[in-house]
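**Student:** Pasting in a structure now, in C-alpha cells, and then I'll have a few things to ask.
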Amino acid sequence: MVLAARPGAGSEQGALPALRHSASLIVLRDGAAGLEVLMLRRAERAGDQNSGAAVFPGGHLDAEDKLACGLCNGLDDARASVLLGVESGGLDYWIAAIRECFEEAGVLLAVDQRGEWVDLAALGDPTVRAMRRELHAGRADFTALCRQHGWRLATDRLHYFSHWLTPPGRPKRFDTRFLLTTAPPAQPASADDTESAALMWLAPGEALQRGLKLMTVTEETLRTLAAWRSVDEALAYAATPRVVTRTMPRLGTGAAGMRPVLPTHWAYAEIGRLDPDGRGDVGIELVPGRAVRLSPRIVRITADNGSVMTGPGTNSYFVGAPGGPCALIDPGPDEPAHVQALLAAAPGPITRILVTHTHKDHSPAAQAMRAATGAPLFGRVADHPEWQDASFKPDTVLAHGERIALGDGCTLRVVHTPGHASNHLCYLFEEERLLFTGDHLMQGSTVVINPPDGDMQAYLQSLRGLLDLDLEWLAPGHGFLMDRPHEVVTKTVAHRLQREARVVDALRTSGGGDIDALLPLVYADVPTRMYPVAARSLRAHLFKLRADGRADEALGRWSLRA
C-alpha cells in the first residue's frame with residue numbers, strides 16, 4: 001500500500017527556524033491610469049530564497065529602531081502595540097518600515113520642523129545616496145540622522161494593513177507586518193544597487209500580469225490593491241478600525257509540485273494536521289484511488305466520481321487500531337476501479353462496512369465489498385425510496401448513541417443526523433474527536449435537501465445537535481479534513497437561515513408564486529444551470545416554512561400565511 005503522506009512528526013524534524021520580525025511598506029500613488037504601487041526587484045544573491053523577487057520595500061527590525069520612538073508623529077508605542085496585538089515594541093515596526101523604505105528606495109516618510117514633507121531634493125542626490133549607503137552598511141545611525149536634520153517620522157500617515165508568516169519548512173521564516181501609506185511628493189524613488197536592483201511604479205493588475213517573480217504574500221496583496229481605483233480608496237480601507245488576522249501559508253504538493261497553500265484552500269487545515277513541520281509532501285488535490293493516511297488509525301481513499309454534485313469525489317474511510325481489523329465507512333460508488341483501490345488500501349482485515357446514508361455515491365459498493373471480504377453491513381434504510389440505493393440492506397440497523405468498538409483506543413459513536421436523508425448517520429471517532437460527516441456537512445458547498453426524504457427542519461435540528469459534541473475535526477464525504485467544526489456548523493446554520501430569509505422576502509415582495517417563479521428571486525447568486533438542484537432545496541425551505549406555520553401552498557402556488 002502506498003500512502004500519500006505520513007502524520008507530522010515535529011520531534012523528528014527538530015526546532016523550526018526562529019521567526020525574524022520584519023516590517024514592509026506598501027507605498028501608493030495615483031498614476032495617470034489609476035492606483036500605482038512602488039515595487040523593487042531584489043538583487044540576485046546566493047542562498048536568498050527570495051532572490052530576484054519583486055517585493056515592497058522592507059526588512060528586519062533593528063534593535064536601534066526603538067531609539068527613534070521619540071521622533072514619531074501622532075503614534076506612540078502603546079497605541080502601535082495595541083494595533084499589532086503585542087505587549088510592547090509595536091512602534092518599532094513603523095520605524096523599521098520607514099527606515100527600510102529610505103534605505104532601499106530613497107523614499108523618506110518624514111516631515112520637517114514645519115510639518116511639511118522632507119525635501120530630499122534640496123540635499124542633492126549624491127548626499128542622499130551617501131546617507132543610504134552608510135545606513136545600509138551600519139556605519140550610520142538612522143535616529144541620529146533624523147535628529148541631525150530635524151526630521152520627524154510620519155508614523156501617523158502609515159496604516160497597519162496585514163500580518164504574514166513564512167510557512168514552516170522554509171530555511172528562513174519571517175513574521176512581517178505590512179503598513180500602507182501614500183508616497184510623499186517630489187521624492188523620486190531610486191534603487192540602492194545593493195538590496196534592490198531596480199524600482200518600478202506599477203498598477204497592481206499590471207504587476208500581476210508582467211511575469212514577475214512574486215512571493216505569495218506579494219501576489220495576494222496586489223490582488224487586494226487591484227480592487228481600489230485610487231490612493232484615497234486604499235487609505236480609507238486601511239484607516240478603518242478592523243481586526244488584522246495573521247496569515248500563514250503552508251506548503252503542499254500537487255501536480256505542479258510543491259507550493260504555498262493559503263488558508264482559503266480546502267487542503268489547508270489537513271496540511272496543518274499532517275505536516276506541522278513543513279515537509280511539503282501533503283497532497284493539495286484529492287487524487288482518485290490514492291490512499292492518504294490521516295492518522296495511525298484512519299486512511300482515506302477518494303472515488304473517481306467527481307462532479308458538480310459530488311465535488312472532488314466521494315471519500316471512503318478505513319478506521320481501526322494499528323495492526324488490527326478495520327471498519328470501512330462509506331464504500332462509495334460500485335465502480336470496479338474504486339473497489340479494487342479499497343481492497344488494496346485496507347490497512348487490515350475489513351470486519352465491518354458502515355454507511356452514512358444510501359444515496360448512490362455513498363453505498364452501492366457495499367455489496368461488492370461484502371462479497372470480497374465477508375464483512376457485514378451496518379446502517380439504516382431511508383424512509384422514502386427516491387434517489388436511494390435500493391440494494392443496501394443492513395445486517396445491523398444502527399441506533400443513535402450506539403458505540404462500536406474497533407480495537408484498542410478506537411471507538412465510533414453513532415450520531416443520527418436526519419435532514420439530507422432520513423437515514424443519515426455520522427460517526428464520531430471518540431479518541432480523535434473526529435466526526436465522519438457523510439453529506440451532513442460538505443467542504444466548499446452546502447448539501448442539497450431534497451424532500452420527501454430530505455427535511456430542512458430536521459437538518460437544522462441535526463446540525464445544532466453537533467454543537468453539543470466534543471469535536472476537533474470533521475472528515476466529510478466530499479473534501480479534505482476540516483478544523484474548527486463548531487464554527488463550520490454555526491456558519492452552515494446561519495447560511496441556511498439566511499436563505500430561508502430570502503425565501504420569506506421573495507414571497508412577501510412577489511405576493512407568492514410557484515417554485516419556478518421564486519427560484520430567480522431566492523437564488524439570484526446561483527448560476528442558472530444549478531437551478532434544477534436549487535429547486536430541491538427551495539422546496540425543502542418552503543415545506544419547513546409551512547411546518548412552522550409561516551407559509552401556505554395551494555395548487556403549486558406558495559404564499560406567506562396572513
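Residue numbers start at 1 in each chain; chains themselves are named A, B, ... in the order of the C-alpha cells; ligands are numbered from 1 in the order shown.
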Give me, as a list in words, the residues of range 394-480 of chain A that a backbone DSSP run labels helix (DSSP H, G or I).
**Tutor:**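 Selection result, helix (DSSP H, G or I) within range 394-480 of chain A: Glu430, Glu431, Glu432, Met456, Gln457, Ala458, Tyr459, Leu460, Gln461, Ser462, Leu463, Arg464, Gly465 and Leu466 of chain A.
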**Student:** Residues of range 294-359 of chain A that approach range 442-453 of chain A to 10 Å or less, counting only C-alpha atoms: could you list each one with the shortest pair of atoms and its distance in Å to one decimal, rows by chain and increasing residue number, as a Markdown table?
**Tutor:**
```
| residue | atom | partner | partner_atom | distance |
| --- | --- | --- | --- | --- |
| A:Met309 | CA | A:Val447 | CA | 8.8 |
| A:Thr310 | CA | A:Met442 | CA | 9.4 |
| A:Gly311 | CA | A:Gly444 | CA | 8.3 |
| A:Pro312 | CA | A:Gln443 | CA | 9.9 |
```
**Student:** Could you please take those selected residues and save N, CA and C atoms as a short mmCIF file (atom, residue, chain, number, x, y, z; two decimals), in the first residue's frame?
**Tutor:**
```cif
data_model
loop_
_atom_site.label_atom_id
_atom_site.label_comp_id
_atom_site.auth_asym_id
_atom_site.auth_seq_id
_atom_site.Cartn_x
_atom_site.Cartn_y
_atom_site.Cartn_z
N MET A 309 -22.17 17.62 -8.30
CA MET A 309 -22.89 17.19 -7.09
C MET A 309 -21.97 16.55 -6.06
N THR A 310 -20.88 15.95 -6.49
CA THR A 310 -20.01 15.22 -5.56
C THR A 310 -18.68 15.91 -5.33
N GLY A 311 -18.50 17.11 -5.89
CA GLY A 311 -17.24 17.82 -5.69
C GLY A 311 -16.07 17.03 -6.24
N PRO A 312 -14.99 16.87 -5.45
CA PRO A 312 -13.82 16.15 -5.96
C PRO A 312 -14.00 14.64 -5.97
#
```
**Student:** Between CA of Glu206 in chain A and CA of Pro263 in chain A, what is the distance, to one decimal in Å?
**Tutor:**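 Atom-to-atom, CA of Glu206 in chain A to CA of Pro263 in chain A, that is 25.2 Å.
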**Student:** List the neighbours of Trp151 in chain A out to 8 Å using only C-alpha atoms; skip same-chain residues closer than 5 positions along the sequence, and give me the result as a CSV table (one decimal) with all heavy atoms, in the first residue's frame.
**Tutor:**
```csv
chain,number,residue,atom,x,y,z
A,71,LEU,N,10.8,60.4,18.1
A,71,LEU,CA,10.8,61.2,16.9
A,71,LEU,C,9.6,60.9,16.0
A,71,LEU,O,9.5,61.3,14.8
A,71,LEU,CB,12.1,61.0,16.1
A,71,LEU,CG,13.4,61.3,16.8
A,71,LEU,CD1,14.6,60.9,15.9
A,71,LEU,CD2,13.5,62.8,17.1
A,110,ALA,N,8.9,61.2,6.3
A,110,ALA,CA,9.2,62.1,7.4
A,110,ALA,C,8.9,63.5,7.0
A,110,ALA,O,8.7,63.9,5.9
A,110,ALA,CB,10.7,62.0,7.7
A,111,VAL,N,8.7,64.3,8.1
A,111,VAL,CA,8.3,65.8,7.9
A,111,VAL,C,9.4,66.6,8.6
A,111,VAL,O,10.1,66.2,9.5
A,111,VAL,CB,7.0,66.1,8.5
A,111,VAL,CG1,5.9,65.3,7.7
A,111,VAL,CG2,6.9,65.8,10.0
A,112,ASP,N,9.5,67.9,8.1
A,112,ASP,CA,10.5,68.8,8.7
A,112,ASP,C,9.8,69.5,9.9
A,112,ASP,O,8.7,69.2,10.4
A,112,ASP,CB,11.0,69.8,7.7
A,112,ASP,CG,9.9,70.6,7.1
A,112,ASP,OD1,8.8,70.8,7.7
A,112,ASP,OD2,10.1,71.1,5.9
A,113,GLN,N,10.5,70.5,10.4
A,113,GLN,CA,10.1,71.2,11.6
A,113,GLN,C,8.8,72.0,11.4
A,113,GLN,O,8.1,72.4,12.3
A,113,GLN,CB,11.2,72.1,12.2
A,113,GLN,CG,12.4,71.3,12.7
A,113,GLN,CD,13.5,72.2,13.1
A,113,GLN,OE1,13.5,73.4,12.9
A,113,GLN,NE2,14.5,71.6,13.8
A,118,VAL,N,9.6,66.1,4.1
A,118,VAL,CA,11.0,66.4,3.9
A,118,VAL,C,11.4,66.5,2.4
A,118,VAL,O,11.0,65.7,1.6
A,118,VAL,CB,11.9,65.3,4.5
A,118,VAL,CG1,13.3,65.4,4.1
A,118,VAL,CG2,11.7,65.3,6.1
A,146,CYS,N,18.1,61.5,11.7
A,146,CYS,CA,16.9,62.3,11.8
A,146,CYS,C,17.1,63.5,12.8
A,146,CYS,O,16.6,64.6,12.5
A,146,CYS,CB,15.7,61.4,12.3
A,146,CYS,SG,15.2,60.1,11.1
```
**Student:** Which residues, written as a list in words, have at least one atom at most 8 Å from Trp201 in chain A, with only C-alpha atoms counted and residues fewer than 5 positions away on the same chain left out?
**Tutor:**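 The filter keeps Glu36, Val37, Leu38 and Met39 of chain A.
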**Student:** Need the shell around range 124-140 of chain A: protein/DNA/RNA residues with any atom at most 9 Å away, counting only C-alpha atoms. Skip same-chain ones fewer than 5 positions apart. Format as a list in words?
**Tutor:**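 The neighbour list is Arg99, Glu100, Phe102, Glu103, Glu104, Gly106, Leu145, Asp192 and Thr194 of chain A.
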**Student:** Skip Ser510 in chain A itself and residues of its chain fewer than 5 positions away, then list as a list in words all residues within 9 Å of it, counting only C-alpha atoms.
**Tutor:**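 Here the qualifying residues turn out to be Asp505, Leu518 and Leu521 of chain A.
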**Student:** Restricting the calculation to only C-alpha atoms, which member of A:Lys544, A:Arg177, A:His424, A:Arg273 is positioned closest to Phe161 in chain A?
**Tutor:**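 The shortest atom-to-atom distance to Phe161 in chain A comes from A:Arg177.
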**Student:** When you look at range 20-33 of chain A with a cut-off of 7 Å (counting only C-alpha atoms), what residues show up, excluding the ones that are within fewer than 5 positions of it in the same chain? I need them as a PDB file with all heavy atoms, in the first residue's frame.
**Tutor:**
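Below you can see selection_32.pdb, which holds the result:
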```
ATOM      1  N   LEU A  38       4.635  51.073  -5.388  1.00  0.00           N
ATOM      2  CA  LEU A  38       6.088  51.033  -5.531  1.00  0.00           C
ATOM      3  C   LEU A  38       6.589  49.627  -5.230  1.00  0.00           C
ATOM      4  O   LEU A  38       6.304  49.060  -4.176  1.00  0.00           O
ATOM      5  CB  LEU A  38       6.730  52.024  -4.560  1.00  0.00           C
ATOM      6  CG  LEU A  38       8.262  52.044  -4.519  1.00  0.00           C
ATOM      7  CD1 LEU A  38       8.849  52.462  -5.869  1.00  0.00           C
ATOM      8  CD2 LEU A  38       8.758  52.966  -3.402  1.00  0.00           C
ATOM      9  N   PHE A  56       7.759  44.673  -1.970  1.00  0.00           N
ATOM     10  CA  PHE A  56       7.600  46.014  -1.429  1.00  0.00           C
ATOM     11  C   PHE A  56       8.813  46.316  -0.542  1.00  0.00           C
ATOM     12  O   PHE A  56       9.422  45.402   0.005  1.00  0.00           O
ATOM     13  CB  PHE A  56       6.314  46.120  -0.610  1.00  0.00           C
ATOM     14  CG  PHE A  56       5.099  45.598  -1.318  1.00  0.00           C
ATOM     15  CD1 PHE A  56       4.408  44.502  -0.819  1.00  0.00           C
ATOM     16  CD2 PHE A  56       4.635  46.203  -2.474  1.00  0.00           C
ATOM     17  CE1 PHE A  56       3.287  44.004  -1.473  1.00  0.00           C
ATOM     18  CE2 PHE A  56       3.520  45.721  -3.133  1.00  0.00           C
ATOM     19  CZ  PHE A  56       2.850  44.613  -2.637  1.00  0.00           C
ATOM     20  N   PRO A  57       9.201  47.570  -0.381  1.00  0.00           N
ATOM     21  CA  PRO A  57      10.332  47.884   0.492  1.00  0.00           C
ATOM     22  C   PRO A  57      10.079  47.354   1.897  1.00  0.00           C
ATOM     23  O   PRO A  57       8.960  47.385   2.402  1.00  0.00           O
ATOM     24  CB  PRO A  57      10.372  49.417   0.481  1.00  0.00           C
ATOM     25  CG  PRO A  57       9.640  49.823  -0.760  1.00  0.00           C
ATOM     26  CD  PRO A  57       8.594  48.778  -0.988  1.00  0.00           C
ATOM     27  N   GLY A  58      11.152  46.882   2.540  1.00  0.00           N
ATOM     28  CA  GLY A  58      11.011  46.379   3.899  1.00  0.00           C
ATOM     29  C   GLY A  58      12.209  45.569   4.332  1.00  0.00           C
ATOM     30  O   GLY A  58      13.117  45.289   3.536  1.00  0.00           O
ATOM     31  N   GLY A  59      12.225  45.191   5.590  1.00  0.00           N
ATOM     32  CA  GLY A  59      13.326  44.405   6.115  1.00  0.00           C
ATOM     33  C   GLY A  59      13.180  44.152   7.600  1.00  0.00           C
ATOM     34  O   GLY A  59      12.127  44.412   8.200  1.00  0.00           O
ATOM     35  N   HIS A  60      14.265  43.635   8.214  1.00  0.00           N
ATOM     36  CA  HIS A  60      14.239  43.255   9.619  1.00  0.00           C
ATOM     37  C   HIS A  60      14.129  44.472  10.532  1.00  0.00           C
ATOM     38  O   HIS A  60      14.596  45.572  10.202  1.00  0.00           O
ATOM     39  CB  HIS A  60      15.525  42.509   9.998  1.00  0.00           C
ATOM     40  CG  HIS A  60      15.784  41.295   9.179  1.00  0.00           C
ATOM     41  ND1 HIS A  60      17.041  40.803   8.943  1.00  0.00           N
ATOM     42  CD2 HIS A  60      14.941  40.463   8.534  1.00  0.00           C
ATOM     43  CE1 HIS A  60      16.972  39.737   8.193  1.00  0.00           C
ATOM     44  NE2 HIS A  60      15.713  39.504   7.922  1.00  0.00           N
ATOM     45  N   LEU A  61      13.559  44.238  11.708  1.00  0.00           N
ATOM     46  CA  LEU A  61      13.636  45.231  12.771  1.00  0.00           C
ATOM     47  C   LEU A  61      15.048  45.236  13.348  1.00  0.00           C
ATOM     48  O   LEU A  61      15.659  44.171  13.524  1.00  0.00           O
ATOM     49  CB  LEU A  61      12.639  44.909  13.882  1.00  0.00           C
ATOM     50  CG  LEU A  61      11.211  45.460  13.742  1.00  0.00           C
ATOM     51  CD1 LEU A  61      10.522  44.917  12.495  1.00  0.00           C
ATOM     52  CD2 LEU A  61      10.389  45.135  14.982  1.00  0.00           C
ATOM     53  N   TYR A  93       7.956  48.603  14.438  1.00  0.00           N
ATOM     54  CA  TYR A  93       7.613  48.166  13.083  1.00  0.00           C
ATOM     55  C   TYR A  93       7.401  49.372  12.167  1.00  0.00           C
ATOM     56  O   TYR A  93       7.809  49.347  10.999  1.00  0.00           O
ATOM     57  CB  TYR A  93       6.356  47.292  13.109  1.00  0.00           C
ATOM     58  CG  TYR A  93       6.575  45.922  13.696  1.00  0.00           C
ATOM     59  CD1 TYR A  93       6.474  45.705  15.066  1.00  0.00           C
ATOM     60  CD2 TYR A  93       6.897  44.841  12.886  1.00  0.00           C
ATOM     61  CE1 TYR A  93       6.672  44.444  15.617  1.00  0.00           C
ATOM     62  CE2 TYR A  93       7.095  43.575  13.421  1.00  0.00           C
ATOM     63  CZ  TYR A  93       6.991  43.389  14.788  1.00  0.00           C
ATOM     64  OH  TYR A  93       7.193  42.146  15.324  1.00  0.00           O
ATOM     65  N   ALA A  96      10.911  50.772  11.529  1.00  0.00           N
ATOM     66  CA  ALA A  96      11.687  49.914  10.622  1.00  0.00           C
ATOM     67  C   ALA A  96      11.179  50.044   9.194  1.00  0.00           C
ATOM     68  O   ALA A  96      11.973  50.058   8.233  1.00  0.00           O
ATOM     69  CB  ALA A  96      11.611  48.461  11.082  1.00  0.00           C
ATOM     70  N   ALA A  97       9.866  50.127   9.008  1.00  0.00           N
ATOM     71  CA  ALA A  97       9.309  50.259   7.661  1.00  0.00           C
ATOM     72  C   ALA A  97       9.788  51.549   7.006  1.00  0.00           C
ATOM     73  O   ALA A  97      10.159  51.567   5.820  1.00  0.00           O
ATOM     74  CB  ALA A  97       7.788  50.224   7.729  1.00  0.00           C
ATOM     75  N   CYS A 101      12.435  51.638   3.861  1.00  0.00           N
ATOM     76  CA  CYS A 101      11.988  52.262   2.618  1.00  0.00           C
ATOM     77  C   CYS A 101      12.978  53.336   2.164  1.00  0.00           C
ATOM     78  O   CYS A 101      13.251  53.479   0.956  1.00  0.00           O
ATOM     79  CB  CYS A 101      10.601  52.864   2.815  1.00  0.00           C
ATOM     80  SG  CYS A 101       9.850  53.506   1.294  1.00  0.00           S
ATOM     81  N   ARG A 173      12.347  32.131   8.128  1.00  0.00           N
ATOM     82  CA  ARG A 173      10.933  32.425   8.363  1.00  0.00           C
ATOM     83  C   ARG A 173      10.798  33.850   8.893  1.00  0.00           C
ATOM     84  O   ARG A 173      11.513  34.252   9.813  1.00  0.00           O
ATOM     85  CB  ARG A 173      10.322  31.425   9.342  1.00  0.00           C
ATOM     86  CG  ARG A 173      10.383  29.974   8.863  1.00  0.00           C
ATOM     87  CD  ARG A 173       9.506  29.094   9.733  1.00  0.00           C
ATOM     88  NE  ARG A 173       8.100  29.448   9.581  1.00  0.00           N
ATOM     89  CZ  ARG A 173       7.214  29.332  10.570  1.00  0.00           C
ATOM     90  NH1 ARG A 173       7.581  28.930  11.774  1.00  0.00           N
ATOM     91  NH2 ARG A 173       5.946  29.672  10.369  1.00  0.00           N
ATOM     92  N   PHE A 174       9.864  34.585   8.290  1.00  0.00           N
ATOM     93  CA  PHE A 174       9.665  35.993   8.635  1.00  0.00           C
ATOM     94  C   PHE A 174       8.274  36.192   9.221  1.00  0.00           C
ATOM     95  O   PHE A 174       7.287  35.641   8.720  1.00  0.00           O
ATOM     96  CB  PHE A 174       9.841  36.874   7.397  1.00  0.00           C
ATOM     97  CG  PHE A 174      11.218  36.805   6.802  1.00  0.00           C
ATOM     98  CD1 PHE A 174      11.514  35.884   5.808  1.00  0.00           C
ATOM     99  CD2 PHE A 174      12.220  37.652   7.241  1.00  0.00           C
ATOM    100  CE1 PHE A 174      12.787  35.813   5.254  1.00  0.00           C
ATOM    101  CE2 PHE A 174      13.490  37.592   6.695  1.00  0.00           C
ATOM    102  CZ  PHE A 174      13.781  36.669   5.699  1.00  0.00           C
ATOM    103  N   ASP A 175       8.221  36.976  10.282  1.00  0.00           N
ATOM    104  CA  ASP A 175       6.968  37.439  10.873  1.00  0.00           C
ATOM    105  C   ASP A 175       6.864  38.910  10.488  1.00  0.00           C
ATOM    106  O   ASP A 175       7.504  39.769  11.096  1.00  0.00           O
ATOM    107  CB  ASP A 175       7.017  37.254  12.380  1.00  0.00           C
ATOM    108  CG  ASP A 175       5.713  37.634  13.057  1.00  0.00           C
ATOM    109  OD1 ASP A 175       4.953  38.443  12.489  1.00  0.00           O
ATOM    110  OD2 ASP A 175       5.451  37.149  14.171  1.00  0.00           O
ATOM    111  N   THR A 176       6.080  39.194   9.455  1.00  0.00           N
ATOM    112  CA  THR A 176       6.112  40.513   8.821  1.00  0.00           C
ATOM    113  C   THR A 176       4.789  41.248   8.975  1.00  0.00           C
ATOM    114  O   THR A 176       3.726  40.697   8.704  1.00  0.00           O
ATOM    115  CB  THR A 176       6.444  40.376   7.318  1.00  0.00           C
ATOM    116  OG1 THR A 176       7.650  39.622   7.172  1.00  0.00           O
ATOM    117  CG2 THR A 176       6.633  41.748   6.686  1.00  0.00           C
ATOM    118  N   ARG A 177       4.900  42.510   9.401  1.00  0.00           N
ATOM    119  CA  ARG A 177       3.739  43.407   9.441  1.00  0.00           C
ATOM    120  C   ARG A 177       3.836  44.339   8.238  1.00  0.00           C
ATOM    121  O   ARG A 177       4.885  44.958   7.996  1.00  0.00           O
ATOM    122  CB  ARG A 177       3.734  44.236  10.727  1.00  0.00           C
ATOM    123  CG  ARG A 177       3.966  43.429  11.990  1.00  0.00           C
ATOM    124  CD  ARG A 177       2.782  42.580  12.353  1.00  0.00           C
ATOM    125  NE  ARG A 177       3.031  41.839  13.587  1.00  0.00           N
ATOM    126  CZ  ARG A 177       2.117  41.607  14.514  1.00  0.00           C
ATOM    127  NH1 ARG A 177       0.871  42.033  14.347  1.00  0.00           N
ATOM    128  NH2 ARG A 177       2.421  40.911  15.591  1.00  0.00           N
ATOM    129  N   PHE A 178       2.737  44.430   7.501  1.00  0.00           N
ATOM    130  CA  PHE A 178       2.683  45.294   6.328  1.00  0.00           C
ATOM    131  C   PHE A 178       1.924  46.562   6.680  1.00  0.00           C
ATOM    132  O   PHE A 178       0.825  46.509   7.233  1.00  0.00           O
ATOM    133  CB  PHE A 178       2.022  44.569   5.158  1.00  0.00           C
ATOM    134  CG  PHE A 178       2.886  43.502   4.542  1.00  0.00           C
ATOM    135  CD1 PHE A 178       2.997  42.255   5.142  1.00  0.00           C
ATOM    136  CD2 PHE A 178       3.601  43.743   3.382  1.00  0.00           C
ATOM    137  CE1 PHE A 178       3.802  41.263   4.598  1.00  0.00           C
ATOM    138  CE2 PHE A 178       4.416  42.763   2.829  1.00  0.00           C
ATOM    139  CZ  PHE A 178       4.517  41.528   3.441  1.00  0.00           C
ATOM    140  N   LEU A 179       2.531  47.697   6.346  1.00  0.00           N
ATOM    141  CA  LEU A 179       1.933  49.011   6.557  1.00  0.00           C
ATOM    142  C   LEU A 179       1.696  49.662   5.206  1.00  0.00           C
ATOM    143  O   LEU A 179       2.405  49.364   4.234  1.00  0.00           O
ATOM    144  CB  LEU A 179       2.847  49.875   7.419  1.00  0.00           C
ATOM    145  CG  LEU A 179       3.242  49.264   8.770  1.00  0.00           C
ATOM    146  CD1 LEU A 179       4.361  50.061   9.415  1.00  0.00           C
ATOM    147  CD2 LEU A 179       2.045  49.199   9.696  1.00  0.00           C
ATOM    148  N   LEU A 180       0.714  50.535   5.137  1.00  0.00           N
ATOM    149  CA  LEU A 180       0.336  51.148   3.862  1.00  0.00           C
ATOM    150  C   LEU A 180       0.343  52.661   4.014  1.00  0.00           C
ATOM    151  O   LEU A 180      -0.084  53.206   5.036  1.00  0.00           O
ATOM    152  CB  LEU A 180      -1.043  50.640   3.445  1.00  0.00           C
ATOM    153  CG  LEU A 180      -1.611  51.108   2.111  1.00  0.00           C
ATOM    154  CD1 LEU A 180      -2.409  49.983   1.455  1.00  0.00           C
ATOM    155  CD2 LEU A 180      -2.517  52.322   2.307  1.00  0.00           C
ATOM    156  N   THR A 181       0.837  53.347   2.967  1.00  0.00           N
ATOM    157  CA  THR A 181       0.904  54.803   3.004  1.00  0.00           C
ATOM    158  C   THR A 181       0.862  55.363   1.595  1.00  0.00           C
ATOM    159  O   THR A 181       0.911  54.614   0.611  1.00  0.00           O
ATOM    160  CB  THR A 181       2.179  55.274   3.722  1.00  0.00           C
ATOM    161  OG1 THR A 181       2.103  56.676   3.964  1.00  0.00           O
ATOM    162  CG2 THR A 181       3.418  54.981   2.873  1.00  0.00           C
ATOM    163  N   THR A 182       0.778  56.685   1.516  1.00  0.00           N
ATOM    164  CA  THR A 182       0.850  57.374   0.227  1.00  0.00           C
ATOM    165  C   THR A 182       2.247  57.946   0.039  1.00  0.00           C
ATOM    166  O   THR A 182       2.924  58.311   1.010  1.00  0.00           O
ATOM    167  CB  THR A 182      -0.196  58.501   0.157  1.00  0.00           C
ATOM    168  OG1 THR A 182      -0.169  59.086  -1.140  1.00  0.00           O
ATOM    169  CG2 THR A 182       0.068  59.571   1.196  1.00  0.00           C
ATOM    170  N   ALA A 183       2.705  58.006  -1.178  1.00  0.00           N
ATOM    171  CA  ALA A 183       4.067  58.474  -1.468  1.00  0.00           C
ATOM    172  C   ALA A 183       4.183  59.977  -1.215  1.00  0.00           C
ATOM    173  O   ALA A 183       3.308  60.744  -1.630  1.00  0.00           O
ATOM    174  CB  ALA A 183       4.431  58.161  -2.909  1.00  0.00           C
ATOM    175  N   SER A 230      -8.004  54.302  -6.461  1.00  0.00           N
ATOM    176  CA  SER A 230      -7.220  55.474  -6.085  1.00  0.00           C
ATOM    177  C   SER A 230      -6.580  55.268  -4.722  1.00  0.00           C
ATOM    178  O   SER A 230      -6.962  54.370  -3.960  1.00  0.00           O
ATOM    179  CB  SER A 230      -8.114  56.719  -6.036  1.00  0.00           C
ATOM    180  OG  SER A 230      -9.047  56.601  -4.967  1.00  0.00           O
ATOM    181  N   VAL A 231      -5.612  56.140  -4.406  1.00  0.00           N
ATOM    182  CA  VAL A 231      -4.982  56.111  -3.093  1.00  0.00           C
ATOM    183  C   VAL A 231      -6.020  56.358  -2.000  1.00  0.00           C
ATOM    184  O   VAL A 231      -6.004  55.717  -0.945  1.00  0.00           O
ATOM    185  CB  VAL A 231      -3.846  57.155  -3.017  1.00  0.00           C
ATOM    186  CG1 VAL A 231      -3.328  57.288  -1.589  1.00  0.00           C
ATOM    187  CG2 VAL A 231      -2.706  56.777  -3.959  1.00  0.00           C
TER     188      VAL A 231
END
```
**Student:** Smallest atom-to-atom distance to His400 in chain A: which of A:Thr351, A:Gly90, A:Ser462, A:Ile284, using only C-alpha atoms?
**Tutor:**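 Closest to His400 in chain A of all the choices is A:Ser462.
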**Student:** May I have a table of the residues of range 290-383 of chain A lying at most 10 Å from range 429-436 of chain A, giving each one's closest pair of atoms and their distance in Å to one decimal, counting only C-alpha atoms, ordered by chain and ascending residue number, as a Markdown table?
**Tutor:**
```
| residue | atom | partner | partner_atom | distance |
| --- | --- | --- | --- | --- |
| A:Ser295 | CA | A:Glu432 | CA | 9.1 |
| A:Arg297 | CA | A:Glu432 | CA | 9.3 |
| A:Ile298 | CA | A:Phe429 | CA | 9.9 |
| A:Ser316 | CA | A:Phe436 | CA | 9.9 |
| A:Tyr317 | CA | A:Phe436 | CA | 8.6 |
| A:Val319 | CA | A:Phe429 | CA | 8.7 |
| A:Ile329 | CA | A:Phe436 | CA | 8.3 |
| A:Asp330 | CA | A:Phe436 | CA | 9.7 |
| A:Thr356 | CA | A:Phe436 | CA | 8.4 |
```
**Student:** Limited to N, CA, C and O atoms, could you put the picked residues into a file as a short mmCIF file (atom, residue, chain, number, x, y, z; two decimals), in the first residue's frame?
**Tutor:**
```cif
data_model
loop_
_atom_site.label_atom_id
_atom_site.label_comp_id
_atom_site.auth_asym_id
_atom_site.auth_seq_id
_atom_site.Cartn_x
_atom_site.Cartn_y
_atom_site.Cartn_z
N SER A 295 -4.21 9.56 10.08
CA SER A 295 -3.71 9.33 11.43
C SER A 295 -3.30 7.86 11.47
O SER A 295 -3.56 7.11 10.52
N ARG A 297 -4.76 5.61 12.71
CA ARG A 297 -5.98 4.80 12.72
C ARG A 297 -6.93 5.10 11.56
O ARG A 297 -7.98 4.48 11.46
N ILE A 298 -6.59 6.06 10.70
CA ILE A 298 -7.51 6.45 9.63
C ILE A 298 -6.79 6.52 8.29
O ILE A 298 -5.72 7.13 8.19
N SER A 316 -14.07 7.48 0.95
CA SER A 316 -14.25 6.29 1.78
C SER A 316 -13.15 6.32 2.84
O SER A 316 -12.03 6.76 2.58
N TYR A 317 -13.48 5.84 4.04
CA TYR A 317 -12.52 5.88 5.14
C TYR A 317 -12.38 4.51 5.78
O TYR A 317 -13.39 3.84 6.06
N VAL A 319 -11.10 2.81 9.29
CA VAL A 319 -10.85 3.18 10.68
C VAL A 319 -10.56 1.91 11.46
O VAL A 319 -11.33 0.94 11.41
N ILE A 329 -15.96 2.97 6.21
CA ILE A 329 -17.08 3.91 6.24
C ILE A 329 -17.33 4.43 4.83
O ILE A 329 -16.42 4.97 4.21
N ASP A 330 -18.53 4.24 4.34
CA ASP A 330 -18.96 4.69 3.01
C ASP A 330 -18.12 4.09 1.89
O ASP A 330 -17.17 4.72 1.39
N THR A 356 -23.03 5.96 5.84
CA THR A 356 -23.65 7.16 6.43
C THR A 356 -25.08 7.33 5.94
O THR A 356 -25.96 7.73 6.70
#
```
**Student:** At what distance in Å, to one decimal, does CA of Leu460 in chain A lie from CA of Ala494 in chain A?
**Tutor:**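 It comes out at 9.8 Å.
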**Student:** I need the residue nearest Gly306 in chain A from this list: A:Gly556, A:Gly477, A:Pro527, A:Gly465. Use only C-alpha atoms for the distance.
**Tutor:**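 Among A:Gly556, A:Gly477, A:Pro527, A:Gly465, it is A:Gly477 that comes nearest to Gly306 in chain A.
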